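Participant: Structure in structure tokens, see below.
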Amino acid sequence: MQQGKRRSPRKKGLRTFGRIILPAAALWAGGCVAPPSPGWHFFRWRPSPANVHVEPLASDVERIAVLPFRAPTDLIGVSVADLFVTELLRAGRYSLVERSRMTQVLGEAELALAGLSVTNAMEAGALLGAQGVVMGTVDEYGTVAEAGLVWPVVAVSARLIDSRSGRVLWSADVARRADKAITLPEHARAVVHELVAGLYAKWPVQPQTRAPGVAVDETGLPAPEGLEVSDWGLREVELRWKPPRAPWRCRIERAETPDGPFDVVAEKPARWGRHFDRSRRGRPLADGATYYYRVAFVDQAGRCGPFSPVVESMIAPPPDPPRRVSAEPAGSRTVRVGWLPSSAEGVVRYEVERAEESSSNAFERVGATRDTFWTDNRGLADEATYLYRIRSVNRAGAVGPASRPVRVVTAPPPAPVRDLEARGGIRFVTLRWTSSLDPDVTRYEIFRSESEQGPYAMVGTRAGRENVTWTDGHARGRSLADGRRYFYTVVPVARSGARGARCAPVSAETWPAPPPVEGFSARSGLARRVALSWIPVNDEKVVGYDIHRENGGRWSGVTFRVQGRERREWLDVGAARGPAAGGGVEYRYRIAAVNEGGVRGPWSPVQTARTKAPPTPPSALAVGPGADGGRVLRWTPPPEPVRAYRVWRIGRFRAVPWRVVRAAECRLPDEWPLGTAVSVSAVDEDGLESLRAPPVIIPAGR
């Protein structure tokens, strides 16, 4: 037996493509096969145990009505029928008659909503304008007990009847007991979903054709395939379709009801296969709204082909508010608000709103944060009651409802400072107090007055809660008056700016100025100096004395600082540098006591003293012969006691001292030429030197 040739995988795949895909494409091009349903992502991968039979005949049924199912109670029948309607809408194969329309029409026809016969169902379909009617039965809806546990059990069957011919187009039933602990309504929803999933898997054997009277598209364009839309988007809907290879454009239309009217929202290259719809008439899509979409291809001539089946998308509602909102004081005029994150998807921030309790409806936005807490420290009052609530905001900008308001009472202002003390000094006052127990206190304000009743003016601040000393006066460049009483009070200030009450005022008196110096006198007659004396001041704060000497008729001259309170005399040796270098000059003095703060007391009365005058110059100078035949200079002594004489040789430009002698004569050198001028000055015991006597000329010869 000859072995057959082995078929290559590629050829096998091509034959499969030709056997399945090409006939399907031919049916599609001929208008016999409906485009793929948009519900594939709900049912494609869902296994179903349902018992399903679908007539393998082409059907033009598009609009159907779902009647209430026959059930143990009317409520169960209506509820299960509503679940079935929801799943059929997801499948996207049929358009459904609205329930209110059904109730109105069937009520007018006096027909029961459940348990109709096939004949009555055909009549109801004709009245409703539906091409088909779905009739169903809830065979079982309850619970069973097993091994001490209670399990829900649901059994449902349904069939579609062509209201024109009475033919059953499909029939399905399923019965199942839950395999996990869920509620009976949840299990019923799962059973109905499995029922429609089984139908969805068998529907391809029943091609959909166009109903009579519907115009056939003549453009030759196919309807877009695989249209899908996102659900619960944040103010946006994502549409996807299978991109064609032709250079067509894709027209996207949207409506607020399944039956339209539809508006064009975009038109873009079909090969993109994707579009994001974010606005409606220039505004964002509405939160929590449902929109319906369909798409069609447009060729290069601008002709529009058939539309895809209508698909539904619901926009996510505004985000839920956060949970467990709390508020508590976090310091003076500060409130900390906290919460648990919102369970909604896409929340990117939270908005904090505040209102006073007296006007609880007047909430205002006070902040926004990405965290789950907020510290409010702006515009709050002390010991006031406020209400706070939080809103969630998602990334699309949708603001959710506000949380339930929470109430909080702000903290009182800082307590007054304690144990304030004041101590006076020399033109200053030192303050000290006990630090505040409030951790929010960041500084203190110091107020001063010259009377206990005020008014008080702020004279300084002290930063830091633990810094509890402050000096008012010369230590800060602002000297206080001597011997004056001042009153002080201190106010604590919190980080938020809240000020506490003033404490009870305390007072202190600055030290008085030193008293005047008594017994001040100046002694005259001393050579090149003046002796001053006084009685020491009886003030322990005095550390010395300032002595002022008049200079050229002004008291802005020399001031001498004498250290020591017990000093009682001082010698001015600078008096020799007066106008007359030789002495005999009159000087004026005054004295004042100085304390340890540098404060000077009043000046004493002025005292006058004159230094010792120099001797009178010698007189009657003459040059004559001496005993040895040389030249001798002789003169007459002054009336004052003289210690010595200074002989001067007078040159053309200056006088030069030559010799100091004690007698009233002096032998001159022989080598001095004729016409040399000489002079003499007297020096007393204190070294004071007189003016030079008028010079004489040395005569010729011996």
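Ligands are numbered from 1 in the order shown, chains are lettered A, B, ... in the order of the structure tokens, and residues start at 1 in each chain.
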Please provide as a ChimeraX atom specification all residues within 9 Å of stretch 518-528 of chain A, with the sequence filter that same-chain residues fewer than 5 positions apart are discarded (counting only C-alpha atoms).

Facilitator: /A:533-537,572-578,581-586,588-591,604-614,686-688

Participant: Compile the contact shell of A:Pro514 as a PyMOL selection string: residues with an atom at most 9 Å away, counting only C-alpha atoms, same-chain residues fewer than 5 positions apart removed.

Facilitator: chain A and resi 537+539+541-542+592-595+599-602

Participant: Please return as a PyMOL selection string: the residues of stretch 25-249 of chain A that backbone DSSP assigns to alpha helix (DSSP H).

Facilitator: chain A and resi 25-29+40-43+74-91+99-108+118-128+184-202

Participant: So what do you get for atom CA of A:Val409 versus atom CA of A:Asn377, distance-wise?

Facilitator: 13.2 Å
